[in-house]
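Read the structure below first, then the notes.
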Amino acid sequence: MAWGCLLFACDRRGSSSTEASSAPTVSARASSASAQKAQLVEQRSGGSIARRADGSLLVADEDRGVLWALAAPVSETSSPQRIDLPGPPSQVLPLGAVTLVTIRAPSLLLVLDEALHEVRRTPLPADAWGLAVTPDGTTAIVTSAWSHQVSGVDVATGERRFSLDVAREPRGIVVPAAGDRVYVSHLVGTALTRIDLSPGAPRATAVELPAAPARVADDPVAASLGYAAVLSPDDRRLFLPRHALGALGDWWGAATVDVLLTGSDQPLAPARANGPITRYRPIDPHSFDDRYVASPAVDSTAGAIAPGYALPFAQPRAVVYRKRTQTLLVASEGTDELAELDALAVTPAELRIKRYRLGAGYDSGVTIASSGGAPSGIALSADETTAFVFCRATFEVAIVPLVALERHVEPAAVKMVKLAEEDPLLAGMAKTDPKRAFREAAAFGRRLYFGALATEIGEHLGCAGCHPDGRDDGNVWLEIDHESTEPVQVGSLGAVKNRLHQLKDSDFRARQKLVVGVPRARQTPMLAGRVFADGPSGWRGESDGLVARIGRGFALHRWEPYTAGTGLEGHARALAAFVLRGLPPPERSKAPLSPIAERGRALFESDAVGCKSCHPLVEDKNLGTTSLHFPPTRAGHASEMAEPFRIPSLRFVGGTPPYFHDGSATTLAALVAMTKNHMGRTAQLEDDDRAALVAFLETL
């Protein structure tokens with residue numbers, strides 16, 4: 001299929017500005033009961049920012065644990081009203097006279113009245129995050145990210161009707177107008193979860209949605225960052241912005257918007273056939289003009305791959321459908337932009353139509369915005385001519401004038417509403433406080449953590465791109481050796497193959513100073529609650545402390561050998577401070593252990609099994625290395641049986657599959673079965689003892 005046919009599914013009929021402007025606005029319809037129902041259907045999913053029927057805005061500020069209210073009309077001089085909450089909010093959803101808010105810890109669904117006072121609260125499985133409502137407004141659907149649950153709550157009574165166990169890290173929720181099912185996106189993995197609400201008890205099933213299938217060379221690739229999803233107005237298409245790990249594009253993969261046809265639960269985009277891929281690049285990547293030209297192709301082992309691949313967005317955090325133009329607006333956390341994509345395209349991310357720059361005041365030492373940083377939520381005005389974007393790293397709401405598609409002109413200037421002047425890490429601290437310097441570093445580290453533009457410390461992905469929420473993307477990356485013996489991280493096995501193909505070019509080899517070696521597997525580790533300031537860091541304990549490890553990571557993520565004294569030590573210290581202070585770990589259950597978990601604890605602590613000898617339950621922050629090894633089982637990976645590995649923390653181990661440095665154990669049960677007598681002594685355990693040990697590990 002030619003790419004001209006593949007990129008666009010149909011003509012843009014019915015999308016003219018004249019036609020759209022004649023449609024009644026939400027505020028004009030809000031006076032009648034039928035209009036209230038229409039509004040529920042239109043705005044049935046929450047986000048970190050939402051517009052009420054009167055045009056006012058609500059912003060869920062997770063870092064401060066507050067809800068901000070901005071009265072209509074919203075302007076740069078608006079004064080935000082602060083509403084304190086019982087914990088950090090994730091999503092907010094106005095429903096006429098009430099407002100719903102998810103609270104992460106303690107995990108709750110709050111119902112607020114019109115004056116934003118609490119009416120009731122419903123306890124939920126740990127880490128309540130995503131929020132949606134059925135079209136009739138009676139049932140709230142909530143995802144609990146860490147505990148991988150989806151719950152249904154009666155809005156009127158607060159009664160929890162159901163909770164279903166689903167795949168890892170459920171996040172965004174959409175409910176078609178029929179109200180018979182729910183689709184849930186996940187932060188890790190390619191599959192969606194579909195929950196059928198009727199008839200009978202709700203039932204969850206997995207729906208496969210391949211990541212960027214048109215950019216895959218061999219096997220399907222993994223996906224991450226599925227924070228949000230949105231339906232087309234007719235509910236026929238479900239759009240899922242995310243990151244395609246290992247897709248053809250660059251070492252880190254490619255940004256993608258994957259489309260599911262809800263009538264059949266099948267992907268819209270076909271799998272890639274062998275042969276050339278036509279890629280596109282902007283005429284001028286540094287201007288607002290987003291017209292594209294085709295890039296020439298180059299041969300590779302995976303077919304033709306064009307250089308100069310354009311980055312439509314990085315680290316997608318939110319998405320809305322703009323009906324008047326039939327486009328998608330994606331919050332690009334990593335590049336401080338709002339990207340506008342064609343919703344009628346089979347592969348919307350391939351051709352960006354417009355981009356709106358939000359970031360400003362970039363630091364001269366590293367490319368990090370001091371304003372408009374890390375957009376994480378989008379709300380549209382009633383007439384869809386303005387987007388309101390919550391910028392999490394700089395605590396602002398951007399007022400973004402949107403332009404007509406047919407005009408290649410720069411829009412009016414973006415205005416900013418400051419929600420609070422001081423970073424919450426500095427709240428209440430006197431300037432003479434001896435701890436303030438550390439907190440100031442952590443506040444700067446927050447902006448570094450989300451940004452993907454700082455090529456000095458990374459390339460095309462910020463820290464949050466692989467460690468969302470301080471957790472992990474579930475991916476296994478690969479490293480190859482530089483001639484200095486320092487490893488260079490190169491992404492997926494497909495990326496390694498492409499790099500090694502390039503090494504056939506002797507000039508390229510000399511320029512990059514590389515040797516060809518079998519790549520080593522390295523799983524993305526969880527950070528929140530698992531890292532310490534001192535002691536050995538890295539899979540083999542090769543770095544002396546967290547700051548040194550982060551500095552080494554600057555090289556790993558830039559296709560460069562690591563060299564000390566680069567002048568970025570201050571940035572490494574700032575990131576370390578934020579990782580230690582600004583990434584809250586998941587909430588731990590306070591419930592007593594079940595009988596099977598108690599049995600597992602006894603096995604864990606017993607001399608016969610020996611887990612506690614290397615993994616004390618009161619952990620030593622300076623855990624060292626071990627000489628016990630496991631050969632990786634994944635094809636194409638190097639065997640590292642002769643190399644020592646650092647003893648990892650087991651905190652939160654139940655929520656971070658896959659396991660081992662190479663991800664070869666996909667579940668805790670597989671991990672316990674594989675250890676046998678290499679790590680502890682589990683070979684003699686019966687199946688029920690192993691199940692008990694797994695049950696205990698899941699509580700850590």
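Chain labels follow the order of the structure tokens: the first chain is A, the next B, and so on; residue numbering restarts at 1 in every chain, and ligands are counted from 1 in their shown order.
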
Rows by chain and residue number, segment 203-276 of chain A within 9 Å of segment 459-481 of chain A, shortest pair, only C-alpha atoms, as a tab-separated table:
residue	atom	partner	partner_atom	distance
A:Ala222	CA	A:Asn475	CA	7.3
A:Ala223	CA	A:Asp473	CA	8.1
A:Ser224	CA	A:Asp473	CA	5.7
A:Leu225	CA	A:Pro468	CA	7.4
A:His243	CA	A:Gly465	CA	8.5
A:Leu245	CA	A:Asn475	CA	7.7
A:Asp250	CA	A:His460	CA	9.0
A:Trp252	CA	A:His460	CA	7.7

With C-alpha atoms retained, could you export that selection as a PDB file, in the first residue's frame?
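Printed below is part_8.pdb as written:
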ATOM      1  CA  ALA A 222       6.515  -3.104  23.155  1.00  0.00           C
ATOM      2  CA  ALA A 223       4.702   0.065  24.172  1.00  0.00           C
ATOM      3  CA  SER A 224       4.699   2.421  27.118  1.00  0.00           C
ATOM      4  CA  LEU A 225       3.248   5.748  28.307  1.00  0.00           C
ATOM      5  CA  HIS A 243       5.615   5.342  22.947  1.00  0.00           C
ATOM      6  CA  LEU A 245       9.625   0.837  22.161  1.00  0.00           C
ATOM      7  CA  ASP A 250      15.709   5.919  16.552  1.00  0.00           C
ATOM      8  CA  TRP A 252      14.500   4.721  21.705  1.00  0.00           C
TER       9      TRP A 252
END

Selection: 10 Å around Ser56 of chain A, only C-alpha atoms, excl. self and same-chain fewer than 2 positions, as number ranges by chain = A: 50-54, 58, 69-74, 381

Might you pull out every residue within 7 Å of segment 363-379 of chain A, with only C-alpha atoms counted and same-chain residues fewer than 6 positions away left off, and present them as a ChimeraX atom specification?
-> /A:47-51,317-320,331-334,336,387-394,396,398,447-448,450-451,453-454,456

Could those selected residues go to a file with N, CA and C atoms, as a CSV table (one decimal), in the first residue's frame?
chain,number,residue,atom,x,y,z
A,47,GLY,N,-9.4,14.3,33.5
A,47,GLY,CA,-8.0,14.6,33.2
A,47,GLY,C,-7.4,15.5,34.3
A,48,SER,N,-6.2,15.9,34.2
A,48,SER,CA,-5.6,16.7,35.2
A,48,SER,C,-6.1,18.2,35.2
A,49,ILE,N,-6.8,18.5,34.1
A,49,ILE,CA,-7.5,19.8,33.9
A,49,ILE,C,-8.8,19.6,33.2
A,50,ALA,N,-9.8,20.3,33.7
A,50,ALA,CA,-11.2,20.1,33.1
A,50,ALA,C,-11.9,21.4,33.1
A,51,ARG,N,-12.8,21.6,32.1
A,51,ARG,CA,-13.7,22.8,32.0
A,51,ARG,C,-15.1,22.4,32.5
A,317,ARG,N,1.1,12.7,27.4
A,317,ARG,CA,0.5,12.7,28.7
A,317,ARG,C,-1.0,12.8,28.6
A,318,ALA,N,-1.5,13.5,27.6
A,318,ALA,CA,-3.0,13.7,27.5
A,318,ALA,C,-3.4,13.9,26.1
A,319,VAL,N,-4.6,13.7,25.7
A,319,VAL,CA,-5.1,13.8,24.4
A,319,VAL,C,-6.6,14.2,24.4
A,320,VAL,N,-7.0,15.1,23.5
A,320,VAL,CA,-8.4,15.5,23.3
A,320,VAL,C,-8.7,15.5,21.8
A,331,ALA,N,-0.7,16.4,24.4
A,331,ALA,CA,0.3,17.1,25.3
A,331,ALA,C,1.6,16.4,25.2
A,332,SER,N,2.6,17.0,24.7
A,332,SER,CA,3.9,16.5,24.6
A,332,SER,C,4.8,16.9,25.8
A,333,GLU,N,4.8,16.1,26.8
A,333,GLU,CA,5.4,16.4,28.0
A,333,GLU,C,6.9,16.7,27.8
A,334,GLY,N,7.6,15.9,27.0
A,334,GLY,CA,9.0,16.0,26.8
A,334,GLY,C,9.5,17.2,26.1
A,336,ASP,N,7.6,20.1,25.7
A,336,ASP,CA,6.9,21.4,26.1
A,336,ASP,C,6.0,21.9,24.9
A,387,ALA,N,-7.2,26.1,23.7
A,387,ALA,CA,-6.8,25.0,24.6
A,387,ALA,C,-6.3,25.5,25.8
A,388,PHE,N,-6.7,24.9,27.0
A,388,PHE,CA,-6.1,25.2,28.3
A,388,PHE,C,-5.3,24.0,28.7
A,389,VAL,N,-4.0,24.3,28.9
A,389,VAL,CA,-3.0,23.2,29.1
A,389,VAL,C,-2.4,23.4,30.5
A,390,PHE,N,-2.5,22.3,31.3
A,390,PHE,CA,-1.8,22.3,32.6
A,390,PHE,C,-0.3,21.9,32.4
A,391,CYS,N,0.6,22.8,32.8
A,391,CYS,CA,2.0,22.5,32.7
A,391,CYS,C,2.6,22.1,34.1
A,392,ARG,N,2.8,20.9,34.3
A,392,ARG,CA,3.0,20.3,35.6
A,392,ARG,C,4.4,20.8,36.2
A,393,ALA,N,5.4,20.8,35.3
A,393,ALA,CA,6.8,21.1,35.9
A,393,ALA,C,6.9,22.6,36.3
A,394,THR,N,6.1,23.5,35.8
A,394,THR,CA,6.2,24.9,36.1
A,394,THR,C,4.9,25.4,36.8
A,396,GLU,N,1.6,26.0,35.9
A,396,GLU,CA,0.9,27.0,35.2
A,396,GLU,C,-0.2,26.4,34.3
A,398,ALA,N,-1.5,27.1,30.6
A,398,ALA,CA,-1.3,27.8,29.3
A,398,ALA,C,-2.6,28.0,28.6
A,447,ARG,N,12.2,19.8,36.9
A,447,ARG,CA,12.1,20.2,35.5
A,447,ARG,C,13.0,19.4,34.6
A,448,LEU,N,14.2,19.0,35.1
A,448,LEU,CA,15.1,18.1,34.4
A,448,LEU,C,14.5,16.8,34.1
A,450,PHE,N,11.4,15.7,33.7
A,450,PHE,CA,10.3,15.6,32.6
A,450,PHE,C,10.8,16.0,31.2
A,451,GLY,N,11.8,16.8,31.1
A,451,GLY,CA,12.2,17.4,29.8
A,451,GLY,C,13.0,16.4,29.0
A,453,LEU,N,14.3,17.7,25.9
A,453,LEU,CA,15.0,18.5,24.9
A,453,LEU,C,16.5,18.7,25.3
A,454,ALA,N,16.9,18.3,26.5
A,454,ALA,CA,18.2,18.5,26.9
A,454,ALA,C,19.1,17.4,26.4
A,456,GLU,N,22.1,17.4,26.3
A,456,GLU,CA,23.3,17.2,27.1
A,456,GLU,C,23.2,16.0,28.0

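As for atom CA of Gly130 of chain A and atom CA of Val230 of chain A, they are spaced 12.7 Å apart.
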
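For the atom pair formed by atom CA of Ala695 of chain A and atom CA of Met526 of chain A, the distance is 20.2 Å, given to one decimal.
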
Could you give me, as number ranges by chain, the residues within 6 Å of Gly600 of chain A, counting only C-alpha atoms and dropping anything in the same chain fewer than 4 positions from it?
-> A: 692-693, 696

Just-selected residues, N, CA and C atoms written as a CSV table (one decimal), in the first residue's frame:
chain,number,residue,atom,x,y,z
A,692,ALA,N,2.9,-19.6,48.2
A,692,ALA,CA,3.0,-18.8,49.5
A,692,ALA,C,4.1,-17.8,49.4
A,693,LEU,N,5.3,-18.2,49.0
A,693,LEU,CA,6.4,-17.3,48.9
A,693,LEU,C,6.1,-16.1,47.9
A,696,PHE,N,3.8,-13.6,49.6
A,696,PHE,CA,4.4,-12.7,50.5
A,696,PHE,C,5.2,-11.6,49.8

Nearby residues (only C-alpha atoms) at most 10 Å from Leu268 of chain A, same-chain spacing under 5 positions excluded, as a ChimeraX atom specification = /A:9,209-210,213,237-238,258-262,345-347

Save the residues we just selected, all heavy atoms, as a tab-separated table (two decimals), in the first residue's frame?
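And here is the file that came out, out-v4.tsv:
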chain	number	residue	atom	x	y	z
A	9	ALA	N	-7.09	8.21	5.88
A	9	ALA	CA	-8.16	7.25	5.69
A	9	ALA	C	-9.27	7.81	4.83
A	9	ALA	O	-9.97	7.08	4.16
A	9	ALA	CB	-8.71	6.82	7.04
A	209	LEU	N	-3.59	-4.20	20.70
A	209	LEU	CA	-3.45	-3.05	19.81
A	209	LEU	C	-1.96	-2.87	19.54
A	209	LEU	O	-1.25	-2.25	20.33
A	209	LEU	CB	-4.04	-1.78	20.44
A	209	LEU	CG	-4.00	-0.53	19.57
A	209	LEU	CD1	-4.76	-0.74	18.26
A	209	LEU	CD2	-4.56	0.67	20.32
A	210	PRO	N	-1.44	-3.43	18.44
A	210	PRO	CA	0.00	-3.36	18.18
A	210	PRO	C	0.50	-1.92	18.16
A	210	PRO	O	-0.20	-1.00	17.69
A	210	PRO	CB	0.13	-4.02	16.80
A	210	PRO	CG	-1.09	-4.87	16.66
A	210	PRO	CD	-2.18	-4.15	17.39
A	213	PRO	N	2.48	-0.48	14.11
A	213	PRO	CA	2.75	-1.67	13.28
A	213	PRO	C	3.42	-1.35	11.95
A	213	PRO	O	4.12	-2.20	11.41
A	213	PRO	CB	1.35	-2.26	13.06
A	213	PRO	CG	0.41	-1.13	13.28
A	213	PRO	CD	1.03	-0.28	14.34
A	237	ARG	N	-13.71	5.10	16.47
A	237	ARG	CA	-12.26	4.97	16.59
A	237	ARG	C	-11.82	5.36	17.99
A	237	ARG	O	-12.31	6.33	18.56
A	237	ARG	CB	-11.54	5.86	15.57
A	237	ARG	CG	-11.79	5.48	14.13
A	237	ARG	CD	-10.92	6.29	13.20
A	237	ARG	NE	-11.23	6.01	11.80
A	237	ARG	CZ	-10.50	6.41	10.77
A	237	ARG	NH1	-9.40	7.10	10.97
A	237	ARG	NH2	-10.86	6.10	9.54
A	238	LEU	N	-10.90	4.59	18.51
A	238	LEU	CA	-10.27	4.87	19.79
A	238	LEU	C	-8.82	5.20	19.53
A	238	LEU	O	-8.10	4.41	18.91
A	238	LEU	CB	-10.39	3.66	20.72
A	238	LEU	CG	-9.61	3.72	22.04
A	238	LEU	CD1	-10.12	4.86	22.90
A	238	LEU	CD2	-9.74	2.39	22.78
A	258	ASP	N	-1.86	4.99	18.12
A	258	ASP	CA	-2.45	3.77	17.58
A	258	ASP	C	-3.96	3.86	17.65
A	258	ASP	O	-4.52	4.40	18.61
A	258	ASP	CB	-1.92	2.56	18.34
A	258	ASP	CG	-0.42	2.41	18.20
A	258	ASP	OD1	0.07	2.42	17.06
A	258	ASP	OD2	0.28	2.32	19.23
A	259	VAL	N	-4.62	3.35	16.61
A	259	VAL	CA	-6.07	3.52	16.46
A	259	VAL	C	-6.75	2.16	16.47
A	259	VAL	O	-6.38	1.26	15.70
A	259	VAL	CB	-6.39	4.26	15.15
A	259	VAL	CG1	-7.89	4.55	15.06
A	259	VAL	CG2	-5.59	5.56	15.04
A	260	LEU	N	-7.74	2.03	17.33
A	260	LEU	CA	-8.55	0.80	17.41
A	260	LEU	C	-9.92	1.07	16.81
A	260	LEU	O	-10.56	2.08	17.13
A	260	LEU	CB	-8.70	0.37	18.87
A	260	LEU	CG	-9.44	-0.95	19.09
A	260	LEU	CD1	-8.51	-2.13	18.81
A	260	LEU	CD2	-9.99	-1.04	20.52
A	261	LEU	N	-10.39	0.17	15.96
A	261	LEU	CA	-11.75	0.22	15.44
A	261	LEU	C	-12.66	-0.47	16.45
A	261	LEU	O	-12.57	-1.68	16.66
A	261	LEU	CB	-11.83	-0.47	14.08
A	261	LEU	CG	-10.98	0.16	12.97
A	261	LEU	CD1	-11.03	-0.69	11.70
A	261	LEU	CD2	-11.44	1.59	12.68
A	262	THR	N	-13.51	0.29	17.11
A	262	THR	CA	-14.29	-0.25	18.22
A	262	THR	C	-15.39	-1.20	17.78
A	262	THR	O	-15.90	-1.97	18.60
A	262	THR	CB	-14.89	0.89	19.05
A	262	THR	OG1	-15.72	1.70	18.20
A	262	THR	CG2	-13.79	1.76	19.66
A	345	ALA	N	-6.25	10.21	9.86
A	345	ALA	CA	-5.13	9.43	9.35
A	345	ALA	C	-5.13	8.03	9.96
A	345	ALA	O	-5.53	7.83	11.10
A	345	ALA	CB	-3.81	10.12	9.65
A	346	VAL	N	-4.66	7.07	9.19
A	346	VAL	CA	-4.49	5.72	9.71
A	346	VAL	C	-3.40	5.71	10.78
A	346	VAL	O	-3.50	5.01	11.78
A	346	VAL	CB	-4.16	4.75	8.57
A	346	VAL	CG1	-3.85	3.36	9.12
A	346	VAL	CG2	-5.30	4.68	7.58
A	347	THR	N	-2.35	6.48	10.55
A	347	THR	CA	-1.25	6.62	11.51
A	347	THR	C	-1.09	8.10	11.85
A	347	THR	O	-0.25	8.80	11.27
A	347	THR	CB	0.06	6.05	10.94
A	347	THR	OG1	0.32	6.67	9.68
A	347	THR	CG2	-0.06	4.55	10.73

Leaving out segment 114-125 of chain A and any residue of its chain fewer than 4 positions from it, which residues lie within 7 Å of it when counting only C-alpha atoms, given as a short mmCIF file (atom, residue, chain, number, x, y, z; two decimals) with N, CA and C atoms, in the first residue's frame?
data_model
loop_
_atom_site.label_atom_id
_atom_site.label_comp_id
_atom_site.auth_asym_id
_atom_site.auth_seq_id
_atom_site.Cartn_x
_atom_site.Cartn_y
_atom_site.Cartn_z
N ALA A 97 -23.76 19.49 38.63
CA ALA A 97 -23.73 20.07 39.97
C ALA A 97 -22.67 19.44 40.86
N VAL A 98 -22.04 18.35 40.45
CA VAL A 98 -21.01 17.72 41.28
C VAL A 98 -19.73 17.59 40.48
N SER A 107 -6.12 6.11 48.72
CA SER A 107 -6.80 5.93 47.45
C SER A 107 -8.30 6.13 47.62
N LEU A 108 -8.82 7.17 46.94
CA LEU A 108 -10.21 7.58 47.14
C LEU A 108 -10.81 8.09 45.84
N LEU A 109 -12.15 8.01 45.76
CA LEU A 109 -12.93 8.81 44.82
C LEU A 109 -13.71 9.81 45.65
N LEU A 110 -13.47 11.10 45.40
CA LEU A 110 -14.19 12.16 46.09
C LEU A 110 -15.33 12.66 45.23
N SER A 144 -7.07 1.99 39.27
CA SER A 144 -6.09 2.05 40.36
C SER A 144 -4.78 1.53 39.79
N SER A 147 -2.21 -1.00 41.98
CA SER A 147 -2.85 -2.27 42.35
C SER A 147 -3.56 -2.91 41.17
N GLN A 149 -6.24 -2.42 39.28
CA GLN A 149 -7.67 -2.69 39.44
C GLN A 149 -8.48 -1.63 38.67
N GLY A 158 -22.01 6.49 46.47
CA GLY A 158 -20.62 6.19 46.82
C GLY A 158 -20.35 4.71 46.98
#

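Take atom CA of Pro233 of chain A and atom CA of Thr139 of chain A: the distance between them is 20.7 Å.
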